[in-house]
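Note: the block below is entry.tsv and it holds TSV, C-alpha atoms (C1' of nucleotides) and all ligand atoms.
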chain	number	residue	atom	x	y	z
A	1	MET	CA	72.69	108.64	86.77
A	2	SER	CA	71.62	107.20	90.10
A	3	GLN	CA	74.96	106.35	91.58
A	4	GLU	CA	74.94	109.19	94.06
A	5	VAL	CA	74.19	106.99	97.04
A	6	GLU	CA	77.04	104.63	96.24
A	7	GLN	CA	79.49	107.41	95.42
A	8	ARG	CA	78.67	109.00	98.75
A	9	SER	CA	79.03	105.65	100.45
A	10	LEU	CA	82.49	105.26	98.95
A	11	SER	CA	83.49	108.78	99.95
A	12	GLN	CA	82.40	108.11	103.48
A	13	TYR	CA	84.37	104.88	103.64
A	14	LEU	CA	87.47	106.62	102.28
A	15	GLU	CA	87.22	109.43	104.81
A	16	GLU	CA	86.68	107.07	107.71
A	17	HIS	CA	89.75	105.10	106.74
A	18	ASN	CA	92.12	107.91	105.85
A	19	LEU	CA	92.11	106.88	102.23
A	20	LYS	CA	92.09	109.28	99.33
A	21	HIS	CA	89.40	110.08	96.85
A	22	THR	CA	90.80	109.48	93.38
A	23	LYS	CA	89.58	109.65	89.79
A	24	GLN	CA	90.37	105.96	89.41
A	25	ARG	CA	88.28	104.83	92.34
A	26	GLU	CA	85.38	106.93	91.21
A	27	ALA	CA	85.64	105.64	87.66
A	28	ILE	CA	85.90	102.00	88.68
A	29	LEU	CA	82.91	102.27	90.99
A	30	ALA	CA	80.93	103.89	88.18
A	31	ALA	CA	81.86	101.18	85.69
A	32	PHE	CA	81.02	98.48	88.22
A	33	LEU	CA	77.62	99.96	89.01
A	34	GLU	CA	76.71	100.49	85.37
A	35	ALA	CA	77.15	96.82	84.66
A	36	THR	CA	74.47	94.49	85.93
A	37	GLY	CA	75.69	91.73	88.25
A	38	HIS	CA	78.46	89.14	88.29
A	39	ILE	CA	81.17	90.94	86.35
A	40	THR	CA	84.86	90.04	86.19
A	41	SER	CA	87.83	92.32	86.87
A	42	GLU	CA	88.74	92.09	83.23
A	43	GLU	CA	85.27	93.25	82.17
A	44	ILE	CA	85.42	96.13	84.61
A	45	HIS	CA	88.86	97.03	83.33
A	46	SER	CA	87.81	97.16	79.70
A	47	ARG	CA	84.70	99.16	80.54
A	48	VAL	CA	86.56	101.69	82.64
A	49	ARG	CA	89.25	101.97	79.97
A	50	VAL	CA	86.79	103.51	77.54
A	51	ASP	CA	86.82	106.79	79.43
A	52	HIS	CA	90.07	106.30	81.37
A	53	PRO	CA	92.58	104.55	79.08
A	54	ASN	CA	95.40	104.65	81.59
A	55	ILE	CA	93.88	102.73	84.46
A	56	GLY	CA	95.70	99.45	84.96
A	57	TYR	CA	94.54	96.02	86.00
A	58	THR	CA	96.26	96.39	89.34
A	59	THR	CA	94.14	99.35	90.27
A	60	VAL	CA	90.98	97.54	89.27
A	61	TYR	CA	91.89	94.56	91.45
A	62	ARG	CA	92.79	96.80	94.36
A	63	THR	CA	89.72	98.97	94.01
A	64	MET	CA	87.30	96.05	93.77
A	65	LYS	CA	88.78	94.69	96.97
A	66	LEU	CA	88.26	98.11	98.50
A	67	LEU	CA	84.64	98.21	97.32
A	68	CYS	CA	84.11	94.84	98.96
A	69	ASP	CA	85.56	96.14	102.22
A	70	ALA	CA	83.35	99.18	101.90
A	71	GLY	CA	80.29	96.94	101.63
A	72	LEU	CA	79.46	98.00	98.09
A	73	ALA	CA	80.54	94.85	96.27
A	74	THR	CA	80.72	91.14	96.93
A	75	GLU	CA	83.25	88.70	95.54
A	76	ARG	CA	81.92	85.50	93.98
A	77	HIS	CA	83.89	82.45	92.89
A	78	PHE	CA	81.96	80.26	90.52
A	79	ASP	CA	83.56	77.32	88.73
A	80	GLY	CA	86.07	78.50	86.18
A	81	GLY	CA	88.71	80.18	88.27
A	82	VAL	CA	87.77	83.81	87.67
A	83	THR	CA	86.58	86.10	90.44
A	84	ARG	CA	83.33	87.91	89.74
A	85	TYR	CA	81.85	90.87	91.56
A	86	GLU	CA	78.25	91.70	92.19
A	87	ILE	CA	76.57	94.62	93.86
A	88	GLU	CA	76.24	93.71	97.51
A	89	HIS	CA	72.70	92.74	98.43
A	90	GLU	CA	70.73	90.23	100.48
A	91	HIS	CA	72.03	86.68	100.74
A	92	HIS	CA	71.21	84.42	97.82
A	93	ASP	CA	72.61	81.50	95.85
A	94	HIS	CA	72.99	80.89	92.12
A	95	LEU	CA	72.09	78.96	89.01
A	96	VAL	CA	74.96	79.15	86.51
A	97	CYS	CA	74.50	78.34	82.82
A	98	LEU	CA	77.54	76.44	81.56
A	99	ARG	CA	76.78	77.33	77.96
A	100	CYS	CA	76.04	81.08	77.84
A	101	GLY	CA	77.28	82.11	81.26
A	102	LYS	CA	73.92	83.44	82.43
A	103	ILE	CA	73.66	83.65	86.20
A	104	ILE	CA	70.30	83.47	87.96
A	105	GLU	CA	69.90	84.26	91.65
A	106	PHE	CA	67.67	82.32	94.00
A	107	GLU	CA	66.92	82.15	97.67
A	108	CYS	CA	65.15	79.46	99.61
A	109	ALA	CA	64.38	79.75	103.30
A	110	MET	CA	63.67	76.04	103.44
A	111	ILE	CA	67.13	75.09	102.20
A	112	GLU	CA	68.83	77.69	104.39
A	113	LYS	CA	67.06	76.30	107.42
A	114	THR	CA	67.62	72.66	106.53
A	115	GLN	CA	71.35	73.10	106.01
A	116	LEU	CA	71.69	74.64	109.45
A	117	GLU	CA	69.86	71.68	110.95
A	118	ILE	CA	72.28	69.35	109.22
A	119	ALA	CA	75.23	71.32	110.55
A	120	ASP	CA	73.72	71.19	114.04
A	121	ARG	CA	73.73	67.43	113.92
A	122	TYR	CA	77.50	67.56	113.60
A	123	ARG	CA	77.76	70.42	116.09
A	124	PHE	CA	79.26	72.36	113.21
A	125	ARG	CA	79.08	76.16	113.32
A	126	VAL	CA	78.35	77.50	109.82
A	127	LEU	CA	79.99	80.83	109.02
A	128	ARG	CA	79.17	80.96	105.33
A	129	HIS	CA	78.10	78.67	102.53
A	130	ARG	CA	77.91	78.34	98.81
A	131	HIS	CA	75.19	76.59	96.91
A	132	GLU	CA	75.51	76.64	93.14
A	133	LEU	CA	73.57	74.74	90.50
A	134	TYR	CA	75.37	74.35	87.17
A	135	GLY	CA	73.60	73.41	83.98
A	136	HIS	CA	71.75	74.91	81.04
A	137	CYS	CA	69.36	77.85	81.14
A	138	ASP	CA	66.02	77.84	79.39
A	139	ALA	CA	67.31	79.60	76.27
A	140	CYS	CA	70.29	77.28	75.96
A	141	VAL	CA	68.21	74.14	76.42
A	142	ARG	CA	66.08	75.25	73.47
A	143	GLU	CA	69.04	76.11	71.28
A	144	LEU	CA	70.64	72.77	72.08
A	145	ALA	CA	67.45	71.04	70.90
A	146	GLU	CA	68.23	72.69	67.51
B	1	MET	CA	95.62	45.00	101.14
B	2	SER	CA	92.14	45.31	99.66
B	3	GLN	CA	92.89	47.36	96.59
B	4	GLU	CA	92.51	44.49	94.19
B	5	VAL	CA	89.17	45.64	92.89
B	6	GLU	CA	90.44	49.12	92.15
B	7	GLN	CA	93.71	47.90	90.65
B	8	ARG	CA	91.74	45.65	88.36
B	9	SER	CA	89.39	48.50	87.54
B	10	LEU	CA	92.37	50.64	86.53
B	11	SER	CA	93.86	47.85	84.44
B	12	GLN	CA	90.60	47.41	82.64
B	13	TYR	CA	90.33	51.13	81.92
B	14	LEU	CA	93.89	51.20	80.60
B	15	GLU	CA	93.31	48.25	78.31
B	16	GLU	CA	90.06	49.63	76.96
B	17	HIS	CA	91.76	52.92	76.12
B	18	ASN	CA	95.05	51.64	74.73
B	19	LEU	CA	96.96	53.11	77.64
B	20	LYS	CA	99.86	51.44	79.33
B	21	HIS	CA	100.14	49.86	82.72
B	22	THR	CA	103.02	51.51	84.57
B	23	LYS	CA	104.65	51.33	87.98
B	24	GLN	CA	103.80	54.98	88.53
B	25	ARG	CA	100.09	54.60	87.87
B	26	GLU	CA	99.90	51.60	90.13
B	27	ALA	CA	101.82	53.38	92.91
B	28	ILE	CA	99.76	56.55	92.70
B	29	LEU	CA	96.49	54.63	92.81
B	30	ALA	CA	97.78	52.73	95.85
B	31	ALA	CA	98.81	55.92	97.66
B	32	PHE	CA	95.48	57.53	96.84
B	33	LEU	CA	93.47	54.58	98.11
B	34	GLU	CA	95.49	54.24	101.30
B	35	ALA	CA	94.62	57.80	102.28
B	36	THR	CA	91.13	58.48	103.52
B	37	GLY	CA	89.19	61.11	101.62
B	38	HIS	CA	89.79	64.61	100.26
B	39	ILE	CA	93.52	64.54	99.63
B	40	THR	CA	95.57	67.00	97.56
B	41	SER	CA	97.97	66.23	94.71
B	42	GLU	CA	100.81	67.37	96.91
B	43	GLU	CA	99.80	64.97	99.68
B	44	ILE	CA	99.56	62.12	97.20
B	45	HIS	CA	102.92	63.07	95.79
B	46	SER	CA	104.68	63.02	99.14
B	47	ARG	CA	103.04	59.74	100.08
B	48	VAL	CA	103.94	58.02	96.84
B	49	ARG	CA	107.48	59.38	97.08
B	50	VAL	CA	108.16	57.25	100.15
B	51	ASP	CA	108.38	54.12	98.05
B	52	HIS	CA	108.95	55.73	94.64
B	53	PRO	CA	111.28	58.72	95.10
B	54	ASN	CA	111.47	59.54	91.42
B	55	ILE	CA	107.82	60.11	90.62
B	56	GLY	CA	107.22	63.76	89.75
B	57	TYR	CA	104.34	66.09	90.40
B	58	THR	CA	103.42	66.05	86.75
B	59	THR	CA	102.76	62.35	86.78
B	60	VAL	CA	100.64	62.65	89.91
B	61	TYR	CA	98.51	65.37	88.32
B	62	ARG	CA	98.15	63.40	85.12
B	63	THR	CA	97.37	60.15	86.88
B	64	MET	CA	94.77	61.66	89.20
B	65	LYS	CA	93.02	63.04	86.14
B	66	LEU	CA	93.17	59.58	84.64
B	67	LEU	CA	91.71	58.02	87.80
B	68	CYS	CA	88.85	60.51	87.58
B	69	ASP	CA	88.22	59.54	83.98
B	70	ALA	CA	88.35	55.91	85.01
B	71	GLY	CA	85.65	56.55	87.60
B	72	LEU	CA	87.88	55.75	90.56
B	73	ALA	CA	88.40	59.28	91.87
B	74	THR	CA	86.48	62.56	92.00
B	75	GLU	CA	87.93	66.03	91.89
B	76	ARG	CA	86.74	68.51	94.51
B	77	HIS	CA	87.35	72.24	94.61
B	78	PHE	CA	86.73	73.70	98.02
B	79	ASP	CA	87.60	77.30	98.85
B	80	GLY	CA	91.34	77.77	98.98
B	81	GLY	CA	92.45	77.13	95.42
B	82	VAL	CA	93.77	73.58	95.84
B	83	THR	CA	92.22	70.61	94.09
B	84	ARG	CA	91.39	67.68	96.32
B	85	TYR	CA	90.56	64.12	95.32
B	86	GLU	CA	88.27	61.67	97.01
B	87	ILE	CA	87.38	58.08	96.26
B	88	GLU	CA	84.40	58.17	93.94
B	89	HIS	CA	81.19	57.29	95.74
B	90	GLU	CA	77.55	58.29	95.99
B	91	HIS	CA	76.64	61.94	95.60
B	92	HIS	CA	77.04	64.06	98.70
B	93	ASP	CA	77.91	67.59	99.80
B	94	HIS	CA	80.32	68.92	102.43
B	95	LEU	CA	80.90	70.76	105.68
B	96	VAL	CA	84.40	72.26	105.65
B	97	CYS	CA	86.15	73.41	108.83
B	98	LEU	CA	88.04	76.62	108.15
B	99	ARG	CA	90.28	76.12	111.16
B	100	CYS	CA	91.53	72.50	111.07
B	101	GLY	CA	90.54	71.53	107.54
B	102	LYS	CA	88.26	68.69	108.61
B	103	ILE	CA	85.74	67.77	105.94
B	104	ILE	CA	82.42	66.15	106.81
B	105	GLU	CA	80.13	64.66	104.18
B	106	PHE	CA	76.38	65.01	104.20
B	107	GLU	CA	73.43	64.20	102.00
B	108	CYS	CA	69.92	65.47	102.19
B	109	ALA	CA	67.17	64.25	99.89
B	110	MET	CA	65.01	67.20	100.91
B	111	ILE	CA	67.57	69.74	99.75
B	112	GLU	CA	68.34	67.80	96.59
B	113	LYS	CA	64.67	67.75	95.70
B	114	THR	CA	64.02	71.37	96.63
B	115	GLN	CA	66.89	72.69	94.54
B	116	LEU	CA	65.56	70.87	91.48
B	117	GLU	CA	62.14	72.43	92.06
B	118	ILE	CA	63.76	75.85	92.18
B	119	ALA	CA	65.62	75.16	88.94
B	120	ASP	CA	62.37	74.01	87.35
B	121	ARG	CA	60.80	77.37	88.07
B	122	TYR	CA	63.45	78.93	85.84
B	123	ARG	CA	63.26	76.07	83.35
B	124	PHE	CA	66.89	75.51	84.19
B	125	ARG	CA	68.37	72.06	83.58
B	126	VAL	CA	70.74	71.16	86.41
B	127	LEU	CA	73.74	69.08	85.38
B	128	ARG	CA	75.67	69.25	88.65
B	129	HIS	CA	75.82	71.30	91.79
B	130	ARG	CA	77.97	72.13	94.78
B	131	HIS	CA	76.71	72.86	98.22
B	132	GLU	CA	79.38	73.59	100.80
B	133	LEU	CA	79.03	74.86	104.36
B	134	TYR	CA	82.15	76.56	105.74
B	135	GLY	CA	82.68	77.18	109.43
B	136	HIS	CA	84.09	75.53	112.53
B	137	CYS	CA	83.80	71.88	113.48
B	138	ASP	CA	82.81	70.73	116.94
B	139	ALA	CA	86.41	70.27	118.12
B	140	CYS	CA	87.47	73.67	116.84
B	141	VAL	CA	84.50	75.46	118.39
B	142	ARG	CA	85.55	74.04	121.76
B	143	GLU	CA	89.20	74.96	121.34
B	144	LEU	CA	88.24	78.46	120.28
B	145	ALA	CA	86.25	78.78	123.53
B	146	GLU	CA	89.62	78.23	125.24
C	1	DA	C1'	114.10	37.13	73.59
C	2	DG	C1'	114.22	40.97	70.17
C	3	DT	C1'	112.16	45.11	67.63
C	4	DG	C1'	110.06	49.22	67.17
C	5	DA	C1'	106.03	52.17	67.17
C	6	DA	C1'	103.37	54.40	70.43
C	7	DA	C1'	102.70	55.76	75.11
C	8	DT	C1'	104.73	57.59	79.25
C	9	DT	C1'	107.67	60.10	82.16
C	10	DG	C1'	109.70	64.14	84.54
C	11	DA	C1'	112.41	68.40	84.42
C	12	DA	C1'	111.86	72.69	82.81
C	13	DA	C1'	109.20	76.25	81.00
C	14	DA	C1'	104.60	78.20	80.20
C	15	DT	C1'	100.06	79.65	81.85
C	16	DC	C1'	96.66	82.13	84.32
C	17	DA	C1'	94.68	84.99	87.66
C	18	DC	C1'	96.02	87.70	91.03
C	19	DA	C1'	99.42	89.88	94.49
C	20	DT	C1'	103.51	92.50	95.52
C	21	DT	C1'	107.19	95.86	94.62
C	22	DC	C1'	108.71	100.32	93.92
C	23	DA	C1'	109.63	104.71	91.73
C	24	DA	C1'	106.83	108.36	90.14
C	25	DT	C1'	102.57	110.88	90.77
C	26	DT	C1'	98.59	112.62	93.22
C	27	DT	C1'	95.85	113.93	97.20
C	28	DC	C1'	94.73	116.85	101.00
C	29	DA	C1'	95.39	118.64	105.69
C	30	DA	C1'	97.84	122.27	107.57
D	1	DT	C1'	101.71	126.53	98.83
D	2	DT	C1'	103.83	122.67	100.93
D	3	DG	C1'	105.06	118.11	102.00
D	4	DA	C1'	103.93	113.78	104.29
D	5	DA	C1'	101.22	110.01	103.24
D	6	DA	C1'	98.48	107.57	99.99
D	7	DT	C1'	97.96	105.97	95.29
D	8	DT	C1'	99.11	104.43	90.84
D	9	DG	C1'	100.72	101.26	87.18
D	10	DA	C1'	104.44	98.76	84.97
D	11	DA	C1'	107.16	95.18	86.03
D	12	DT	C1'	107.87	91.31	88.54
D	13	DG	C1'	106.56	87.53	91.73
D	14	DT	C1'	103.49	83.69	93.11
D	15	DG	C1'	101.25	79.27	93.42
D	16	DA	C1'	98.74	75.70	91.43
D	17	DT	C1'	98.36	73.36	87.42
D	18	DT	C1'	99.50	72.46	82.39
D	19	DT	C1'	102.34	72.03	78.42
D	20	DT	C1'	106.56	70.88	76.08
D	21	DC	C1'	109.87	67.71	74.64
D	22	DA	C1'	113.77	64.63	74.80
D	23	DA	C1'	114.63	60.37	77.01
D	24	DT	C1'	112.67	56.13	78.73
D	25	DT	C1'	109.35	52.42	79.06
D	26	DT	C1'	105.65	49.41	77.59
D	27	DC	C1'	103.79	45.83	74.74
D	28	DA	C1'	102.05	43.81	70.43
D	29	DC	C1'	104.25	41.32	67.09
D	30	DT	C1'	108.02	38.84	65.28
E	201	MN	MN	74.38	87.03	92.87
E	202	MN	MN	83.37	63.97	99.88
E	203	ZN	ZN	72.49	79.66	78.90
E	204	ZN	ZN	87.98	72.03	112.84

Represent the supplied structure as structure tokens.
Amino acid sequence: MSQEVEQRSLSQYLEEHNLKHTKQREAILAAFLEATGHITSEEIHSRVRVDHPNIGYTTVYRTMKLLCDAGLATERHFDGGVTRYEIEHEHHDHLVCLRCGKIIEFECAMIEKTQLEIADRYRFRVLRHRHELYGHCDACVRELAE
Amino acid sequence: MSQEVEQRSLSQYLEEHNLKHTKQREAILAAFLEATGHITSEEIHSRVRVDHPNIGYTTVYRTMKLLCDAGLATERHFDGGVTRYEIEHEHHDHLVCLRCGKIIEFECAMIEKTQLEIADRYRFRVLRHRHELYGHCDACVRELAE
DNA sequence: AGTGAAATTGAAAATCACATTCAATTTCAA
DNA sequence: TTGAAATTGAATGTGATTTTCAATTTCACT
């Protein structure tokens, strides 16, 4: 596998913060990295349970928070009330399919710039933002057309 | 007061849907309209309680949902896990102050258009969207500078 | 006005995702 | 090897909202 960089990154974070290196943390990081983007705690839990049947939800929640602190994961809150995690990478926003759950990432310098100009008008200092488009993805649009 | 239009609008909705006109619904609509924008269920509840001490949370929740269905109110979900309601009006997005809670509305045809072009590239059909900028408002920026 | 079926209300209990508690277990520096 | 400190996971708590259900209210029709 190619998770060596991330595993080392976790180890480093643990050492620097006087935290301990455990089987659980290693397993949860592995399960998280194996999945591709935007996964829930529940999904991580069921994946990690395959090889480690005793790991509880609590540990998954705690570890994902730790991975976020360590800069390996990012929390996302799309409509629906469930936290999702993605591998931390460059800023971007999302298209979310309301039918199949597919999530597409996009980035647009024009929009990023324009929104800051708008904020400036109100002398508002933007710290973060969320821009999400909800609807139907290509595949779902076709299926809905029968 | 100038809530006649809305009261009549509610009455019409109730009649058309075989629902009943009650003191509670009238009082909750009044309390909601008296407040200016982006109010929580709890705030509505405490306001309506001044004149109607027996109205429960449950009825506020149910009635606000009804007002949304009737096209008089809109539900908003900003970061923080509490639903807020605003008087239904033209589409717009928000600047949310993380310090004092102030909420500023904005609209930008350029962004609206650009985001649809992005969706088009993915053949994604946008049904709705949310675009929220979180940070510090003018007043808070000044206070934070001591 | 009176009736009664259907809608509404509100207190209490349930839900749902996540956080906290705490006793038992594990890690790791010395 | 040892033990202090960190971690774990089951159980329990939390906070916003929803559901349940018996009692009350509305309103169309006498
Ligand atoms: Mn993403
Ligand atoms: Mn608004
Ligand atoms: Zn889809
Ligand atoms: Zn502010």

Kindly determine which residues of chain B lie within 6 Å of chain A, considering all atoms listed in the file, and give the answer as a PyMOL selection string. chain B and resi 111+123-138

Write the residues you've just listed into a file as an mmCIF file, in the coordinates of the input, and include C-alpha atoms for each of them.
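So out.cif came out as:
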data_model
loop_
_atom_site.group_PDB
_atom_site.id
_atom_site.type_symbol
_atom_site.label_atom_id
_atom_site.label_comp_id
_atom_site.auth_asym_id
_atom_site.auth_seq_id
_atom_site.Cartn_x
_atom_site.Cartn_y
_atom_site.Cartn_z
ATOM 1 C CA ILE B 111 67.570 69.740 99.750
ATOM 2 C CA ARG B 123 63.260 76.070 83.350
ATOM 3 C CA PHE B 124 66.890 75.510 84.190
ATOM 4 C CA ARG B 125 68.370 72.060 83.580
ATOM 5 C CA VAL B 126 70.740 71.160 86.410
ATOM 6 C CA LEU B 127 73.740 69.080 85.380
ATOM 7 C CA ARG B 128 75.670 69.250 88.650
ATOM 8 C CA HIS B 129 75.820 71.300 91.790
ATOM 9 C CA ARG B 130 77.970 72.130 94.780
ATOM 10 C CA HIS B 131 76.710 72.860 98.220
ATOM 11 C CA GLU B 132 79.380 73.590 100.800
ATOM 12 C CA LEU B 133 79.030 74.860 104.360
ATOM 13 C CA TYR B 134 82.150 76.560 105.740
ATOM 14 C CA GLY B 135 82.680 77.180 109.430
ATOM 15 C CA HIS B 136 84.090 75.530 112.530
ATOM 16 C CA CYS B 137 83.800 71.880 113.480
ATOM 17 C CA ASP B 138 82.810 70.730 116.940
#

Pairing the C-alpha atoms in order across the whole chain, superpose chain A onto chain B by least squares and write the result as a compact mmCIF listing (two decimals) with C-alpha atoms, keeping the file's coordinate frame.
# COMPACT_ATOMS: atom_id res chain seq x y z
CA MET A 1 95.64 45.18 101.35
CA SER A 2 92.18 45.43 99.83
CA GLN A 3 92.94 47.43 96.74
CA GLU A 4 92.56 44.52 94.38
CA VAL A 5 89.20 45.64 93.05
CA GLU A 6 90.48 49.12 92.27
CA GLN A 7 93.75 47.89 90.78
CA ARG A 8 91.77 45.59 88.53
CA SER A 9 89.44 48.43 87.66
CA LEU A 10 92.40 50.55 86.64
CA SER A 11 93.91 47.74 84.59
CA GLN A 12 90.65 47.27 82.79
CA TYR A 13 90.37 50.97 82.01
CA LEU A 14 93.95 51.04 80.71
CA GLU A 15 93.38 48.04 78.46
CA GLU A 16 90.13 49.41 77.09
CA HIS A 17 91.83 52.67 76.22
CA ASN A 18 95.11 51.40 74.83
CA LEU A 19 97.00 52.88 77.73
CA LYS A 20 99.91 51.23 79.45
CA HIS A 21 100.18 49.73 82.87
CA THR A 22 103.04 51.44 84.67
CA LYS A 23 104.68 51.32 88.09
CA GLN A 24 103.82 54.99 88.56
CA ARG A 25 100.12 54.58 87.93
CA GLU A 26 99.95 51.62 90.23
CA ALA A 27 101.85 53.44 92.95
CA ILE A 28 99.77 56.60 92.71
CA LEU A 29 96.52 54.66 92.86
CA ALA A 30 97.81 52.80 95.91
CA ALA A 31 98.83 56.00 97.68
CA PHE A 32 95.49 57.60 96.84
CA LEU A 33 93.49 54.65 98.15
CA GLU A 34 95.51 54.37 101.35
CA ALA A 35 94.65 57.91 102.28
CA THR A 36 91.14 58.56 103.49
CA GLY A 37 89.20 61.16 101.50
CA HIS A 38 89.78 64.67 100.18
CA ILE A 39 93.51 64.61 99.55
CA THR A 40 95.53 67.07 97.48
CA SER A 41 97.94 66.28 94.64
CA GLU A 42 100.77 67.47 96.81
CA GLU A 43 99.79 65.07 99.60
CA ILE A 44 99.55 62.21 97.15
CA HIS A 45 102.93 63.16 95.73
CA SER A 46 104.68 63.16 99.08
CA ARG A 47 103.06 59.88 100.07
CA VAL A 48 103.96 58.14 96.84
CA ARG A 49 107.50 59.52 97.05
CA VAL A 50 108.20 57.46 100.15
CA ASP A 51 108.42 54.28 98.11
CA HIS A 52 108.99 55.85 94.67
CA PRO A 53 111.28 58.88 95.10
CA ASN A 54 111.46 59.64 91.40
CA ILE A 55 107.81 60.19 90.60
CA GLY A 56 107.20 63.81 89.68
CA TYR A 57 104.31 66.15 90.29
CA THR A 58 103.38 66.05 86.63
CA THR A 59 102.74 62.35 86.74
CA VAL A 60 100.63 62.70 89.85
CA TYR A 61 98.49 65.37 88.21
CA ARG A 62 98.14 63.33 85.04
CA THR A 63 97.39 60.11 86.86
CA MET A 64 94.76 61.64 89.14
CA LYS A 65 93.02 62.98 86.07
CA LEU A 66 93.19 59.49 84.62
CA LEU A 67 91.74 57.98 87.80
CA CYS A 68 88.88 60.45 87.55
CA ASP A 69 88.24 59.43 83.95
CA ALA A 70 88.38 55.82 85.03
CA GLY A 71 85.67 56.47 87.62
CA LEU A 72 87.91 55.74 90.58
CA ALA A 73 88.39 59.28 91.84
CA THR A 74 86.46 62.53 91.93
CA GLU A 75 87.88 66.03 91.80
CA ARG A 76 86.67 68.50 94.41
CA HIS A 77 87.28 72.24 94.54
CA PHE A 78 86.66 73.69 97.95
CA ASP A 79 87.54 77.28 98.81
CA GLY A 80 91.27 77.77 98.88
CA GLY A 81 92.30 77.13 95.31
CA VAL A 82 93.68 73.61 95.68
CA THR A 83 92.14 70.62 93.95
CA ARG A 84 91.35 67.69 96.21
CA TYR A 85 90.53 64.13 95.25
CA GLU A 86 88.23 61.70 96.93
CA ILE A 87 87.37 58.11 96.22
CA GLU A 88 84.40 58.17 93.88
CA HIS A 89 81.17 57.30 95.65
CA GLU A 90 77.52 58.30 95.86
CA HIS A 91 76.62 61.97 95.50
CA HIS A 92 77.02 64.06 98.62
CA ASP A 93 77.90 67.58 99.74
CA HIS A 94 80.29 68.88 102.39
CA LEU A 95 80.90 70.68 105.64
CA VAL A 96 84.40 72.20 105.63
CA CYS A 97 86.15 73.30 108.82
CA LEU A 98 88.04 76.53 108.17
CA ARG A 99 90.28 75.99 111.17
CA CYS A 100 91.53 72.38 111.03
CA GLY A 101 90.54 71.47 107.49
CA LYS A 102 88.26 68.62 108.53
CA ILE A 103 85.74 67.71 105.85
CA ILE A 104 82.42 66.08 106.72
CA GLU A 105 80.13 64.62 104.08
CA PHE A 106 76.36 64.95 104.13
CA GLU A 107 73.44 64.17 101.91
CA CYS A 108 69.91 65.44 102.10
CA ALA A 109 67.16 64.25 99.79
CA MET A 110 65.02 67.18 100.84
CA ILE A 111 67.57 69.76 99.73
CA GLU A 112 68.34 67.87 96.52
CA LYS A 113 64.67 67.82 95.66
CA THR A 114 64.01 71.42 96.65
CA GLN A 115 66.87 72.77 94.56
CA LEU A 116 65.53 71.01 91.49
CA GLU A 117 62.12 72.56 92.10
CA ILE A 118 63.74 75.97 92.28
CA ALA A 119 65.58 75.34 89.03
CA ASP A 120 62.32 74.22 87.42
CA ARG A 121 60.77 77.55 88.21
CA TYR A 122 63.39 79.17 86.01
CA ARG A 123 63.18 76.36 83.45
CA PHE A 124 66.83 75.79 84.27
CA ARG A 125 68.30 72.34 83.59
CA VAL A 126 70.70 71.40 86.41
CA LEU A 127 73.69 69.33 85.33
CA ARG A 128 75.62 69.45 88.58
CA HIS A 129 75.77 71.44 91.78
CA ARG A 130 77.92 72.24 94.73
CA HIS A 131 76.69 72.88 98.22
CA GLU A 132 79.35 73.58 100.81
CA LEU A 133 79.02 74.82 104.38
CA TYR A 134 82.14 76.50 105.78
CA GLY A 135 82.69 77.06 109.46
CA HIS A 136 84.09 75.38 112.55
CA CYS A 137 83.81 71.71 113.46
CA ASP A 138 82.85 70.52 116.90
CA ALA A 139 86.44 70.04 118.07
CA CYS A 140 87.50 73.47 116.83
CA VAL A 141 84.53 75.23 118.41
CA ARG A 142 85.60 73.78 121.76
CA GLU A 143 89.24 74.69 121.33
CA LEU A 144 88.27 78.22 120.34
CA ALA A 145 86.29 78.51 123.58
CA GLU A 146 89.69 77.95 125.30

Which residue out of A:Glu117, A:Glu88, A:Glu146, A:Glu34 has the minimum interatomic distance to ligand MN 201 (chain E) when only C-alpha atoms and all ligand atoms are used? A:Glu88

So the first atom is C1' of DA10 in chain D and the second is CA of Ile55 in chain A; what is the distance between them in Å, to one decimal place? 11.3 Å

Identify, on the basis of only C-alpha atoms (C1' of nucleotides), every residue whose closest approach to Gln24 in chain B does not exceed 9 Å; exclude the query and any residue fewer than 5 positions from it along the same chain; express the result as a VMD selection string. chain B and resid 29 48 52 55 59 to 60 63

Can you tell me how far CA of His38 in chain A sits from CA of Ser9 in chain A, in Å to one decimal? 20.5 Å

For CA of Glu15 in chain B and CA of Ala30 in chain B, quote the distance in Å rounded to one decimal. 18.6 Å
